[in-house]
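**Q** Handing over target-v2.pdb, PDB, C-alpha atoms.
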ATOM      1  CA  MET G 111     -45.774  11.758  23.956
ATOM      2  CA  ILE G 112     -43.776   9.724  26.441
ATOM      3  CA  THR G 113     -40.932   7.587  25.129
ATOM      4  CA  THR G 114     -39.353   4.841  27.146
ATOM      5  CA  PRO G 115     -35.583   4.481  26.959
ATOM      6  CA  LEU G 116     -34.201   1.368  25.323
ATOM      7  CA  PRO G 117     -32.771  -1.293  27.615
ATOM      8  CA  ARG G 118     -29.002  -1.392  27.909
ATOM      9  CA  TYR G 119     -28.624  -4.710  26.080
ATOM     10  CA  VAL G 120     -30.575  -3.342  23.083
ATOM     11  CA  LYS G 121     -28.306  -0.269  22.944
ATOM     12  CA  ILE G 122     -25.207  -2.481  23.079
ATOM     13  CA  PHE G 123     -26.616  -4.742  20.366
ATOM     14  CA  LEU G 124     -27.458  -1.795  18.111
ATOM     15  CA  PHE G 125     -24.023  -0.266  18.641
ATOM     16  CA  LEU G 126     -22.269  -3.542  17.796
ATOM     17  CA  ALA G 127     -24.501  -4.175  14.774
ATOM     18  CA  ILE G 128     -23.797  -0.700  13.377
ATOM     19  CA  ALA G 129     -20.055  -1.078  14.052
ATOM     20  CA  ILE G 130     -19.999  -4.429  12.251
ATOM     21  CA  MET G 131     -21.919  -2.988   9.269
ATOM     22  CA  ILE G 132     -19.512  -0.043   9.021
ATOM     23  CA  CYS G 133     -16.448  -2.322   9.193
ATOM     24  CA  TYR G 134     -17.891  -4.670   6.575
ATOM     25  CA  SER G 135     -18.825  -1.780   4.279
ATOM     26  CA  LEU G 136     -15.336  -0.288   4.527
ATOM     27  CA  SER G 137     -13.772  -3.695   3.901
ATOM     28  CA  ALA G 138     -15.958  -4.323   0.850
ATOM     29  CA  ALA G 139     -15.266  -0.856  -0.574
ATOM     30  CA  ARG G 140     -11.501  -0.818   0.008
ATOM     31  CA  GLU G 141     -10.750  -1.269  -3.726
ATOM     32  CA  ILE G 142     -12.396   2.105  -4.279
ATOM     33  CA  ILE G 143     -11.608   3.910  -1.036
ATOM     34  CA  ILE G 144      -7.829   3.288  -0.952
ATOM     35  CA  PRO G 145      -7.027   4.719  -4.429
ATOM     36  CA  ILE G 146      -9.261   7.729  -3.808
ATOM     37  CA  ALA G 147      -7.678   8.342  -0.393
ATOM     38  CA  LEU G 148      -4.207   8.123  -1.944
ATOM     39  CA  ALA G 149      -5.281  10.478  -4.716
ATOM     40  CA  ILE G 150      -6.555  12.988  -2.160
ATOM     41  CA  PHE G 151      -3.255  12.736  -0.263
ATOM     42  CA  PHE G 152      -1.194  13.278  -3.419
ATOM     43  CA  THR G 153      -3.526  16.087  -4.476
ATOM     44  CA  PHE G 154      -2.647  17.925  -1.272
ATOM     45  CA  LEU G 155       1.041  17.351  -2.005
ATOM     46  CA  LEU G 156       0.817  18.484  -5.634
ATOM     47  CA  PHE G 157      -1.583  21.378  -5.177
ATOM     48  CA  PRO G 158       1.137  23.937  -4.351
ATOM     49  CA  ILE G 159       2.950  23.097  -7.594
ATOM     50  CA  SER G 160      -0.148  23.398  -9.762
ATOM     51  CA  ASP G 161      -1.233  26.532  -7.889
ATOM     52  CA  TRP G 162       2.211  28.110  -8.455
ATOM     53  CA  LEU G 163       2.047  27.253 -12.165
ATOM     54  CA  GLN G 164      -1.438  28.759 -12.390
ATOM     55  CA  SER G 165      -0.140  31.949 -10.776
ATOM     56  CA  LYS G 166       2.411  32.086 -13.628
ATOM     57  CA  LYS G 167      -0.531  32.216 -16.083
ATOM     58  CA  TRP G 168      -0.484  28.542 -17.063
ATOM     59  CA  PRO G 169      -3.879  27.058 -17.962
ATOM     60  CA  LYS G 170      -5.375  25.107 -15.076
ATOM     61  CA  SER G 171      -5.459  21.715 -16.812
ATOM     62  CA  LEU G 172      -1.893  22.095 -18.103
ATOM     63  CA  ALA G 173      -0.619  23.130 -14.662
ATOM     64  CA  ILE G 174      -2.247  20.060 -13.102
ATOM     65  CA  LEU G 175      -0.817  17.755 -15.773
ATOM     66  CA  VAL G 176       2.690  19.199 -15.328
ATOM     67  CA  SER G 177       2.502  18.728 -11.539
ATOM     68  CA  ILE G 178       1.376  15.111 -12.014
ATOM     69  CA  LEU G 179       4.192  14.530 -14.520
ATOM     70  CA  PHE G 180       6.649  16.046 -12.040
ATOM     71  CA  ALA G 181       5.455  13.597  -9.390
ATOM     72  CA  LEU G 182       5.770  10.697 -11.846
ATOM     73  CA  VAL G 183       9.355  11.746 -12.674
ATOM     74  CA  VAL G 184      10.185  11.780  -8.952
ATOM     75  CA  VAL G 185       8.630   8.325  -8.464
ATOM     76  CA  ILE G 186      10.459   6.930 -11.511
ATOM     77  CA  GLY G 187      13.713   8.411 -10.175
ATOM     78  CA  LEU G 188      13.164   6.677  -6.833
ATOM     79  CA  LEU G 189      12.389   3.389  -8.579
ATOM     80  CA  TYR G 190      15.578   3.731 -10.636
ATOM     81  CA  PHE G 191      17.556   4.286  -7.438
ATOM     82  CA  PHE G 192      16.060   1.186  -5.778
ATOM     83  CA  ILE G 193      16.633  -0.958  -8.881
ATOM     84  CA  TYR G 194      20.246   0.234  -9.003
ATOM     85  CA  GLN G 195      20.652  -0.764  -5.346
ATOM     86  CA  ILE G 196      19.183  -4.209  -6.004
ATOM     87  CA  LEU G 197      21.515  -4.733  -8.949
ATOM     88  CA  SER G 198      24.540  -3.746  -6.854
ATOM     89  CA  PHE G 199      23.316  -6.175  -4.172
ATOM     90  CA  ARG G 200      23.194  -8.874  -6.808
ATOM     91  CA  GLU G 201      26.897  -8.335  -7.519
ATOM     92  CA  ASP G 202      27.665  -9.008  -3.837
ATOM     93  CA  LEU G 203      25.544 -12.146  -3.807
ATOM     94  CA  PRO G 204      28.350 -14.731  -4.392
ATOM     95  CA  GLU G 205      30.263 -13.538  -1.327
ATOM     96  CA  LEU G 206      27.098 -13.506   0.746
ATOM     97  CA  GLU G 207      26.351 -17.030  -0.437
ATOM     98  CA  ARG G 208      29.816 -18.230   0.663
ATOM     99  CA  ASN G 209      29.297 -16.634   4.091
ATOM    100  CA  LEU G 210      25.861 -18.215   4.376
ATOM    101  CA  GLN G 211      27.253 -21.637   3.447
ATOM    102  CA  THR G 212      29.913 -21.308   6.164
ATOM    103  CA  LYS G 213      27.272 -20.379   8.748
ATOM    104  CA  LEU G 214      25.047 -23.245   7.602
ATOM    105  CA  ASN G 215      27.897 -25.722   8.056
ATOM    106  CA  GLU G 216      28.545 -24.359  11.552
ATOM    107  CA  LEU G 217      24.840 -24.669  12.371
ATOM    108  CA  GLN G 218      24.700 -28.252  11.105
ATOM    109  CA  ASN G 219      27.739 -29.147  13.208
ATOM    110  CA  PHE G 220      26.121 -27.544  16.253
ATOM    111  CA  ILE G 221      22.831 -29.410  15.713
ATOM    112  CA  GLU G 222      24.685 -32.688  15.164
ATOM    113  CA  SER G 223      26.725 -32.270  18.335
ATOM    114  CA  ARG G 224      23.878 -31.080  20.600
ATOM    115  CA  ALA G 225      20.764 -32.831  19.285
ATOM    116  CA  LYS G 226      22.343 -35.984  17.852
ATOM    117  CA  PHE G 227      20.566 -35.218  14.564
ATOM    118  CA  SER G 228      22.976 -36.387  11.835
ATOM    119  CA  ARG G 229      23.875 -34.286   8.808
ATOM    120  CA  LYS G 230      22.170 -36.853   6.562
ATOM    121  CA  ASP G 231      18.899 -36.601   8.536
ATOM    122  CA  GLN G 232      19.154 -32.803   8.452
ATOM    123  CA  THR G 233      19.630 -32.862   4.678
ATOM    124  CA  VAL G 234      16.684 -35.240   4.176
ATOM    125  CA  TRP G 235      14.453 -33.037   6.347
ATOM    126  CA  MET G 236      15.560 -29.866   4.531
ATOM    127  CA  ASP G 237      15.028 -31.462   1.083
ATOM    128  CA  LYS G 238      11.493 -32.473   2.102
ATOM    129  CA  LYS G 239      10.703 -28.931   3.210
ATOM    130  CA  ILE G 240      12.118 -27.475  -0.019
ATOM    131  CA  THR G 241      10.041 -29.934  -2.073
ATOM    132  CA  ASP G 242       6.905 -28.941  -0.152
ATOM    133  CA  LEU G 243       7.694 -25.292  -0.785
ATOM    134  CA  GLY G 244       8.202 -26.009  -4.498
ATOM    135  CA  ASN G 245       4.794 -27.688  -4.694
ATOM    136  CA  ASP G 246       3.131 -24.597  -3.230
ATOM    137  CA  ALA G 247       5.179 -22.186  -5.360
ATOM    138  CA  SER G 248       2.724 -22.130  -8.278
ATOM    139  CA  SER G 249      -0.122 -20.908  -6.077
ATOM    140  CA  TYR G 250       2.188 -18.289  -4.519
ATOM    141  CA  ILE G 251       3.244 -17.073  -7.963
ATOM    142  CA  MET G 252      -0.378 -16.796  -9.142
ATOM    143  CA  ASN G 253      -1.267 -14.810  -6.023
ATOM    144  CA  VAL G 254       1.674 -12.469  -6.615
ATOM    145  CA  PHE G 255       0.691 -11.863 -10.249
ATOM    146  CA  SER G 256      -2.964 -11.230  -9.440
ATOM    147  CA  ALA G 257      -2.040  -8.855  -6.616
ATOM    148  CA  THR G 258       0.462  -7.076  -8.862
ATOM    149  CA  GLY G 259      -2.186  -6.641 -11.536
ATOM    150  CA  ALA G 260      -4.603  -5.112  -9.044
ATOM    151  CA  VAL G 261      -1.913  -2.760  -7.719
ATOM    152  CA  LEU G 262      -0.977  -1.651 -11.245
ATOM    153  CA  ALA G 263      -4.625  -0.974 -12.058
ATOM    154  CA  ASP G 264      -4.945   1.138  -8.899
ATOM    155  CA  LEU G 265      -1.713   2.973  -9.700
ATOM    156  CA  ALA G 266      -3.028   3.773 -13.168
ATOM    157  CA  LEU G 267      -6.220   5.245 -11.708
ATOM    158  CA  ILE G 268      -4.551   7.426  -9.064
ATOM    159  CA  PRO G 269      -3.182  10.080 -11.494
ATOM    160  CA  ILE G 270      -6.623  10.324 -13.108
ATOM    161  CA  TYR G 271      -8.230  10.822  -9.700
ATOM    162  CA  ILE G 272      -5.581  13.410  -8.812
ATOM    163  CA  PHE G 273      -6.305  15.352 -11.996
ATOM    164  CA  PHE G 274     -10.054  15.482 -11.449
ATOM    165  CA  ILE G 275      -9.855  16.187  -7.720
ATOM    166  CA  THR G 276      -7.468  19.079  -8.379
ATOM    167  CA  TYR G 277      -9.385  20.346 -11.409
ATOM    168  CA  TYR G 278     -12.707  20.403  -9.568
ATOM    169  CA  SER G 279     -11.302  21.512  -6.205
ATOM    170  CA  ASP G 280     -13.366  24.722  -6.334
ATOM    171  CA  ARG G 281     -16.554  22.684  -6.582
ATOM    172  CA  PHE G 282     -15.460  20.455  -3.696
ATOM    173  CA  LYS G 283     -14.792  23.559  -1.583
ATOM    174  CA  TYR G 284     -18.211  24.981  -2.479
ATOM    175  CA  PHE G 285     -19.916  21.667  -1.644
ATOM    176  CA  ILE G 286     -18.180  21.438   1.742
ATOM    177  CA  SER G 287     -19.063  25.055   2.523
ATOM    178  CA  LEU G 288     -22.719  24.246   1.792
ATOM    179  CA  LEU G 289     -22.524  21.265   4.145
ATOM    180  CA  ILE G 290     -20.997  23.359   6.902
ATOM    181  CA  LYS G 291     -23.542  26.173   6.455
ATOM    182  CA  SER G 292     -26.485  23.775   6.595
ATOM    183  CA  GLN G 293     -25.024  22.142   9.707
ATOM    184  CA  TYR G 294     -24.768  25.444  11.587
ATOM    185  CA  GLN G 295     -28.178  26.724  10.467
ATOM    186  CA  GLU G 296     -30.015  23.851  12.154
TER     187      GLU G 296
END
Would you write the structure of this file as structure tokens?
**A**
Amino acid sequence: MITTPLPRYVKIFLFLAIAIMICYSLSAAREIIIPIALAIFFTFLLFPISDWLQSKKWPKSLAILVSILFALVVVIGLLYFFIYQILSFREDLPELERNLQTKLNELQNFIESRAKFSRKDQTVWMDKKITDLGNDASSYIMNVFSATGAVLADLALIPIYIFFITYYSDRFKYFISLLIKSQYQE
């Protein structure tokens, strides 16, 4: 049977259509793919710890849980460090505010001398911009809270994914070996 090759424009169209479908599918599935990818990454990081605990005759599920708890302690320690840094920054805030006020006065003087834009006009313009920002603040706050909720839900799922990926790692290895064998047998 003789087959005729597809014209070049049809090949280009098919390639672009498939690329667009793949990009759309990945974009639509990102709420699932990102937490699982992070869980796989952290599983690789935590596997040596759970493997070492298993070599010390710990039960597999307990070794995995201890490695996950170890990772959570490290993350909580890092968060504590960052919060401590933010609180120490807050203590320096009054001095930073005085410095900023000095720079703002210098900037206003510069603008007034160069652009002939009076301090009163500058203040009116700045107050208008701050009012506009305040009007949009409620939508910004709602977006922040909804995004934070989604992130917290993903963060709650990641340790569960890590546990199951590590616990069933033997089955994943067996499945991949079957895929590789069937690929080379063809």
**Q** Run the PyMOL selection byres ((chain G and resi 159-163) around 12) mentally over the shown coordinates, then write out the matched residues as a PyMOL selection string, using the chain letters and numbers from the document.
**A** chain G and resi 152-158+164-181+272-273+276-277+279
**Q** Could you please determine the separation between atom CA of G:Thr233 and atom CA of G:Glu207 in Å, to one decimal place?
**A**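 That distance, rounded to one decimal, is 17.9 Å.
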**Q** So the first atom is atom CA of G:Leu148 and the second is atom CA of G:Ala263; what is the distance between them in Å, to one decimal place?
**A**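 Between atom CA of G:Leu148 and atom CA of G:Ala263 the gap works out to 13.6 Å.
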**Q** For G:Lys230, list every protein, DNA or RNA residue within 12 Å, evaluated using all atoms listed in the file, and leave out those in the same chain fewer than 6 positions away; present the list as a list in words.
**A**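 Residues meeting the cut-off are Gln218, Asn219, Ile221, Glu222, Met236 and Asp237 of chain G.
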**Q** With distances taken over only C-alpha atoms, which residue among G:Leu288, G:Ile275, G:Leu265, G:Ala147 lies nearest G:Leu182?
**A**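 Ranking G:Leu288, G:Ile275, G:Leu265, G:Ala147 by distance to G:Leu182, first place goes to G:Leu265.
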**Q** Provide the atom CA of G:Leu289 to atom CA of G:Ile128 distance in Å, to one decimal place.
**A**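 It comes out at 23.9 Å.
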**Q** Could you check the closest approach to G:Ile144 for each of G:Arg208, G:Leu124, G:Val261, G:Lys226 and tell me which residue wins, using all atoms listed in the file?
**A** G:Val261
